[in-house]
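Pasting input11.cif here (mmCIF, C-alpha atoms):
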```cif
data_coords
loop_
_atom_site.label_atom_id
_atom_site.label_comp_id
_atom_site.auth_asym_id
_atom_site.auth_seq_id
_atom_site.Cartn_x
_atom_site.Cartn_y
_atom_site.Cartn_z
CA GLY A 25 8.70 24.60 0.06
CA VAL A 26 6.98 21.56 1.55
CA LEU A 27 7.07 17.83 0.86
CA LEU A 28 3.53 16.76 1.70
CA THR A 29 1.90 13.39 2.28
CA PRO A 30 -1.79 14.26 2.67
CA THR A 31 -4.29 11.73 4.03
CA ASP A 32 -7.40 13.80 3.37
CA ALA A 33 -8.68 12.73 -0.04
CA THR A 34 -10.68 15.96 -0.40
CA GLY A 35 -7.52 18.05 -0.69
CA ARG A 36 -8.67 20.51 1.98
CA ASN A 37 -5.39 20.18 3.85
CA ILE A 38 -3.38 21.46 0.89
CA ALA A 39 -5.61 24.44 0.06
CA ALA A 40 -3.69 26.68 2.46
CA PHE A 41 -0.43 26.07 0.61
CA ARG A 42 -2.02 27.15 -2.65
CA ARG A 43 -3.63 30.17 -1.01
CA HIS A 44 -0.31 31.41 0.36
CA ASN A 45 1.61 30.50 -2.81
CA ILE A 46 3.85 28.03 -0.96
CA PRO A 47 5.46 25.47 -3.32
CA PHE A 48 4.76 21.84 -2.41
CA VAL A 49 5.15 18.37 -3.85
CA LEU A 50 2.79 15.50 -3.04
CA VAL A 51 4.63 12.36 -1.94
CA ASP A 52 3.02 8.91 -2.17
CA ARG A 53 -0.11 10.39 -3.68
CA VAL A 54 -0.97 11.14 -7.30
CA ALA A 55 -1.78 14.77 -8.08
CA GLU A 56 -5.40 15.11 -9.17
CA GLY A 57 -4.89 18.18 -11.33
CA ALA A 58 -2.16 20.08 -13.14
CA SER A 59 -1.46 22.61 -10.39
CA GLU A 60 1.04 20.57 -8.37
CA CYS A 61 3.82 18.01 -8.71
CA SER A 62 3.59 14.52 -7.26
CA VAL A 63 5.74 11.42 -6.86
CA SER A 64 3.90 8.20 -6.13
CA VAL A 65 4.00 4.44 -6.56
CA ASP A 66 1.62 2.45 -8.76
CA ASP A 67 -0.42 0.85 -5.98
CA VAL A 68 -2.73 -0.87 -8.45
CA ALA A 69 0.29 -2.69 -9.83
CA GLY A 70 1.47 -3.43 -6.28
CA GLY A 71 -1.83 -5.01 -5.28
CA ALA A 72 -1.75 -7.12 -8.42
CA LEU A 73 1.81 -8.30 -7.63
CA ALA A 74 0.75 -9.44 -4.16
CA VAL A 75 -2.35 -11.37 -5.17
CA ARG A 76 -0.84 -12.77 -8.38
CA HIS A 77 1.89 -14.28 -6.20
CA LEU A 78 -0.71 -15.91 -3.93
CA VAL A 79 -2.77 -17.18 -6.86
CA ASP A 80 0.35 -18.63 -8.49
CA ALA A 81 1.03 -20.45 -5.21
CA GLY A 82 -2.37 -22.14 -5.50
CA HIS A 83 -4.52 -20.05 -3.16
CA ARG A 84 -8.18 -19.69 -4.12
CA SER A 85 -9.52 -18.07 -0.96
CA ILE A 86 -7.77 -14.82 -0.03
CA ALA A 87 -8.52 -12.16 2.56
CA TYR A 88 -7.66 -8.49 2.04
CA VAL A 89 -7.02 -6.71 5.34
CA SER A 90 -7.59 -3.14 4.28
CA GLY A 91 -7.44 0.22 6.01
CA PRO A 92 -9.65 3.32 6.06
CA PRO A 93 -11.63 3.32 2.77
CA GLY A 94 -10.95 7.03 2.27
CA LEU A 95 -7.28 6.38 1.53
CA ASN A 96 -6.46 6.16 -2.17
CA GLN A 97 -3.66 3.66 -1.52
CA VAL A 98 -6.05 1.24 0.19
CA ARG A 99 -8.53 1.42 -2.68
CA ASP A 100 -5.84 1.14 -5.36
CA ARG A 101 -4.25 -1.92 -3.76
CA ARG A 102 -7.66 -3.60 -3.65
CA THR A 103 -8.23 -2.72 -7.31
CA GLY A 104 -4.91 -4.33 -8.18
CA ALA A 105 -5.82 -7.45 -6.21
CA LEU A 106 -9.11 -7.79 -8.11
CA ASN A 107 -7.28 -7.23 -11.41
CA ALA A 108 -4.95 -10.14 -10.63
CA LEU A 109 -7.90 -12.39 -9.86
CA ARG A 110 -9.60 -11.43 -13.11
CA GLU A 111 -6.40 -12.13 -15.06
CA ALA A 112 -6.35 -15.61 -13.51
CA GLY A 113 -9.96 -16.25 -14.50
CA LEU A 114 -11.17 -16.00 -10.90
CA GLY A 115 -14.14 -14.05 -9.62
CA PRO A 116 -14.08 -11.20 -7.08
CA ASP A 117 -15.66 -13.49 -4.48
CA VAL A 118 -12.23 -15.12 -4.06
CA LEU A 119 -11.15 -11.93 -2.23
CA ARG A 120 -12.80 -11.34 1.15
CA GLU A 121 -12.21 -7.86 2.56
CA LEU A 122 -11.65 -7.28 6.29
CA PRO A 123 -11.67 -3.48 6.74
CA THR A 124 -9.82 -1.74 9.57
CA GLU A 125 -10.08 1.80 10.91
CA ARG A 126 -6.31 2.18 11.22
CA LEU A 127 -3.13 0.94 9.57
CA ASP A 128 -1.25 -0.23 12.66
CA VAL A 129 -0.25 -3.48 14.37
CA ALA A 130 -3.18 -3.39 16.81
CA ALA A 131 -5.63 -3.15 13.93
CA GLY A 132 -3.86 -6.08 12.30
CA ARG A 133 -4.24 -8.17 15.45
CA ASP A 134 -7.96 -7.34 15.51
CA ALA A 135 -8.29 -8.35 11.86
CA GLY A 136 -6.40 -11.55 12.64
CA ALA A 137 -8.88 -12.36 15.41
CA ARG A 138 -11.77 -11.84 12.99
CA LEU A 139 -10.00 -14.02 10.45
CA LEU A 140 -9.65 -16.81 13.01
CA GLY A 141 -13.37 -16.62 13.71
CA LEU A 142 -14.38 -17.33 10.12
CA ALA A 143 -15.89 -20.76 9.53
CA ASP A 144 -14.38 -20.97 6.06
CA ARG A 145 -11.06 -19.31 6.80
CA PRO A 146 -9.06 -18.16 3.75
CA THR A 147 -5.72 -19.82 3.13
CA ALA A 148 -3.92 -16.53 2.44
CA VAL A 149 -4.14 -12.88 3.40
CA PHE A 150 -2.95 -9.73 1.66
CA CYS A 151 -2.56 -6.73 3.98
CA ALA A 152 -2.69 -3.09 2.91
CA ASN A 153 0.58 -2.45 4.77
CA ASP A 154 3.26 -4.28 6.74
CA LEU A 155 2.07 -3.10 10.15
CA LEU A 156 -1.29 -4.77 9.55
CA ALA A 157 0.52 -7.88 8.33
CA LEU A 158 2.67 -7.99 11.46
CA GLY A 159 -0.47 -7.75 13.60
CA VAL A 160 -2.10 -10.61 11.68
CA LEU A 161 1.10 -12.64 12.12
CA GLN A 162 1.02 -12.01 15.88
CA ALA A 163 -2.61 -13.15 16.08
CA MET A 164 -1.81 -16.34 14.15
CA TYR A 165 1.21 -17.07 16.34
CA ALA A 166 -0.85 -16.61 19.52
CA ALA A 167 -3.54 -18.98 18.20
CA GLY A 168 -1.07 -21.65 17.12
CA VAL A 169 -1.75 -21.16 13.41
CA ASN A 170 1.35 -21.89 11.36
CA VAL A 171 2.55 -19.34 8.80
CA PRO A 172 2.84 -20.09 5.95
CA GLU A 173 1.64 -23.71 6.21
CA ASP A 174 -1.87 -22.80 7.45
CA LEU A 175 -2.02 -19.19 6.30
CA ALA A 176 0.20 -17.31 3.85
CA ILE A 177 0.66 -13.57 4.51
CA VAL A 178 1.74 -10.75 2.18
CA GLY A 179 2.34 -7.22 3.42
CA TYR A 180 3.01 -3.92 1.68
CA ASP A 181 5.78 -1.28 1.99
CA ASP A 182 8.63 -3.64 2.97
CA ILE A 183 9.47 -1.75 6.13
CA GLU A 184 12.56 -2.73 8.11
CA PHE A 185 10.60 -4.94 10.51
CA ALA A 186 9.15 -7.02 7.65
CA ALA A 187 12.38 -8.95 7.13
CA ALA A 188 13.01 -9.17 10.88
CA ALA A 189 9.61 -10.65 11.85
CA ALA A 190 9.37 -14.05 13.55
CA VAL A 191 8.36 -15.32 10.12
CA PRO A 192 9.95 -12.93 7.60
CA LEU A 193 7.20 -11.25 5.62
CA THR A 194 6.74 -11.34 1.88
CA SER A 195 6.01 -7.72 1.00
CA VAL A 196 5.52 -5.31 -1.87
CA ARG A 197 8.48 -2.94 -1.76
CA GLN A 198 8.08 0.72 -2.61
CA PRO A 199 11.18 2.56 -3.92
CA ALA A 200 11.04 4.93 -0.95
CA VAL A 201 14.53 6.44 -1.34
CA THR A 202 13.97 7.14 -5.02
CA MET A 203 10.55 8.58 -4.29
CA GLY A 204 11.95 10.97 -1.68
CA ALA A 205 14.87 12.05 -3.85
CA LEU A 206 12.66 12.76 -6.88
CA ALA A 207 10.18 14.68 -4.75
CA ALA A 208 12.98 16.85 -3.35
CA GLU A 209 14.31 17.51 -6.86
CA LEU A 210 10.87 18.60 -8.08
CA LEU A 211 10.44 20.88 -5.08
CA LEU A 212 13.84 22.49 -5.64
CA GLU A 213 12.96 23.06 -9.29
CA GLU A 214 9.70 24.75 -8.32
CA THR A 215 11.18 26.96 -5.62
CA GLU A 216 14.00 28.05 -7.93
CA ALA A 217 11.47 28.89 -10.63
CA GLN A 218 9.55 31.31 -8.41
CA GLY A 219 9.89 34.77 -9.82
CA ALA A 220 11.56 33.49 -12.97
CA ALA A 221 10.33 34.39 -16.41
CA THR A 222 9.61 30.76 -17.32
CA ALA A 223 6.78 29.06 -15.42
CA HIS A 224 7.48 25.79 -13.61
CA GLU A 225 6.08 22.73 -15.39
CA HIS A 226 4.27 20.49 -12.91
CA ARG A 227 4.91 16.77 -13.31
CA ARG A 228 3.37 13.56 -12.04
CA VAL A 229 5.95 10.81 -11.53
CA VAL A 230 4.67 7.27 -10.93
CA LEU A 231 7.19 4.61 -9.85
CA GLN A 232 6.81 0.84 -10.02
CA PRO A 233 6.84 -1.44 -6.93
CA GLU A 234 8.45 -4.88 -6.67
CA LEU A 235 7.56 -8.04 -4.79
CA VAL A 236 10.04 -9.30 -2.19
CA VAL A 237 9.31 -12.97 -1.42
CA ARG A 238 10.15 -14.28 2.04
CA SER A 239 9.09 -17.13 4.34
CA SER A 240 5.52 -15.96 5.04
CA THR A 241 4.31 -17.32 1.69
CA LEU A 242 4.70 -20.72 0.14
CA PRO A 243 6.48 -21.18 -3.22
CA GLY A 244 3.85 -23.72 -4.21
CA ARG A 245 0.70 -25.28 -2.82
#
```

Translate the structure described by the file into structure tokens.
Amino acid sequence: GVLLTPTDATGRNIAAFRRHNIPFVLVDRVAEGASECSVSVDDVAGGALAVRHLVDAGHRSIAYVSGPPGLNQVRDRRTGALNALREAGLGPDVLRELPTERLDVAAGRDAGARLLGLADRPTAVFCANDLLALGVLQAMYAAGVNVPEDLAIVGYDDIEFAAAAAVPLTSVRQPAVTMGALAAELLLEETEAQGAATAHEHRRVVLQPELVVRSSTLPGR
């Protein structure tokens, strides 16, 4: 059996597993059909948590540093951000998207440079993951922009380096350990059911994220 985190939204990279009857469980991606199990996190809810926090802190001009548009997580986190704005009675124009081709620190630095070049620079930024957020933080530090006084930053994933950054990052935490354990349990169930009289029942498990507030955002503004 295989625990699989596919990045190809078309599903082509999992066709071979089906063809060869190899059990697999999708991790950090919602199964599209009823022919496989998946364990994922509600990224729409996570995006809403991030932007709701910024709106509650008084921000009315927010950038979204996103990743490749083909990734479901990137799209879902943006959807959540827009939902939070709508709940607050704000229009989608409050959120300015800065797309990136990758989800790494270098791409975050590039996005930070673009952010610095804006005439009407947003007062806060929500990043699709923590690596992008760390890159933005580096760009701000190099330019002498104070975080969070001049720019609040929220990341996503709550990786180990988020809390250890020069300015500890506020981040949306995914229950990674729980997600991995549940995925392994589902895979064991499916592999043990092979050849049994009773067919395995595929399940889609969706977990909830939580916001971890640190120094990179202001409690009030």

Could you list, as number ranges by chain, every residue matched by the PyMOL selection byres ((chain A and resi 73) around 10) in this structure?
A: 67-72, 74-78, 101, 104-105, 107-108, 195-196, 233-236

What lies within 8 Å of Ala148 in chain A using all atoms listed in the file, ignoring chain neighbours under 3 positions off, as a count of residues only?
8

Running the PyMOL selection byres ((chain A and resi 229) around 8) on this model by hand, what would come out? Give it as a PyMOL selection string.
chain A and resi 62-64+227-228+230-231

Which residues of range 62-135 of chain A come within 7 Å of range 153-165 of chain A, and for each one, what is the closest pair of atoms and their distance in Å to one decimal, counting all atoms listed in the file, sorted by chain and residue number, as a Markdown table?
```
| residue | atom | partner | partner_atom | distance |
| --- | --- | --- | --- | --- |
| A:Leu127 | CA | A:Leu156 | CA | 6.0 |
| A:Asp128 | CA | A:Leu155 | CA | 5.1 |
| A:Val129 | CA | A:Gly159 | CA | 4.3 |
| A:Ala130 | CA | A:Gly159 | CA | 6.1 |
| A:Ala131 | CA | A:Leu156 | CA | 6.4 |
| A:Gly132 | CA | A:Leu156 | CA | 4.0 |
| A:Arg133 | CA | A:Gly159 | CA | 4.2 |
| A:Ala135 | CA | A:Val160 | CA | 6.6 |
```

List the residues selected by the PyMOL selection byres ((chain A and resi 184) around 12) in the file shown, writing them as a PyMOL selection string.
chain A and resi 154-155+158+180-183+185-189+192-193+195+197+200

Nearest residue to His224 in chain A from the set A:Cys61, A:Ala39, A:Ala143, A:Val237 (distances using all atoms listed in the file):
A:Cys61

One-decimal distance in Å that lies between CA of Glu111 in chain A and CA of Asn170 in chain A:
29.2 Å

Between CA of Arg36 in chain A and CA of Cys151 in chain A, what distance in Å does the model show, to one decimal?
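Separation between CA of Arg36 in chain A and CA of Cys151 in chain A: 28.0 Å.
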
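Shortest separation to Val79 in chain A among A:Thr194, A:Thr147, A:Asn45, A:Thr202 occurs at residue A:Thr147, atoms counted being only C-alpha atoms.
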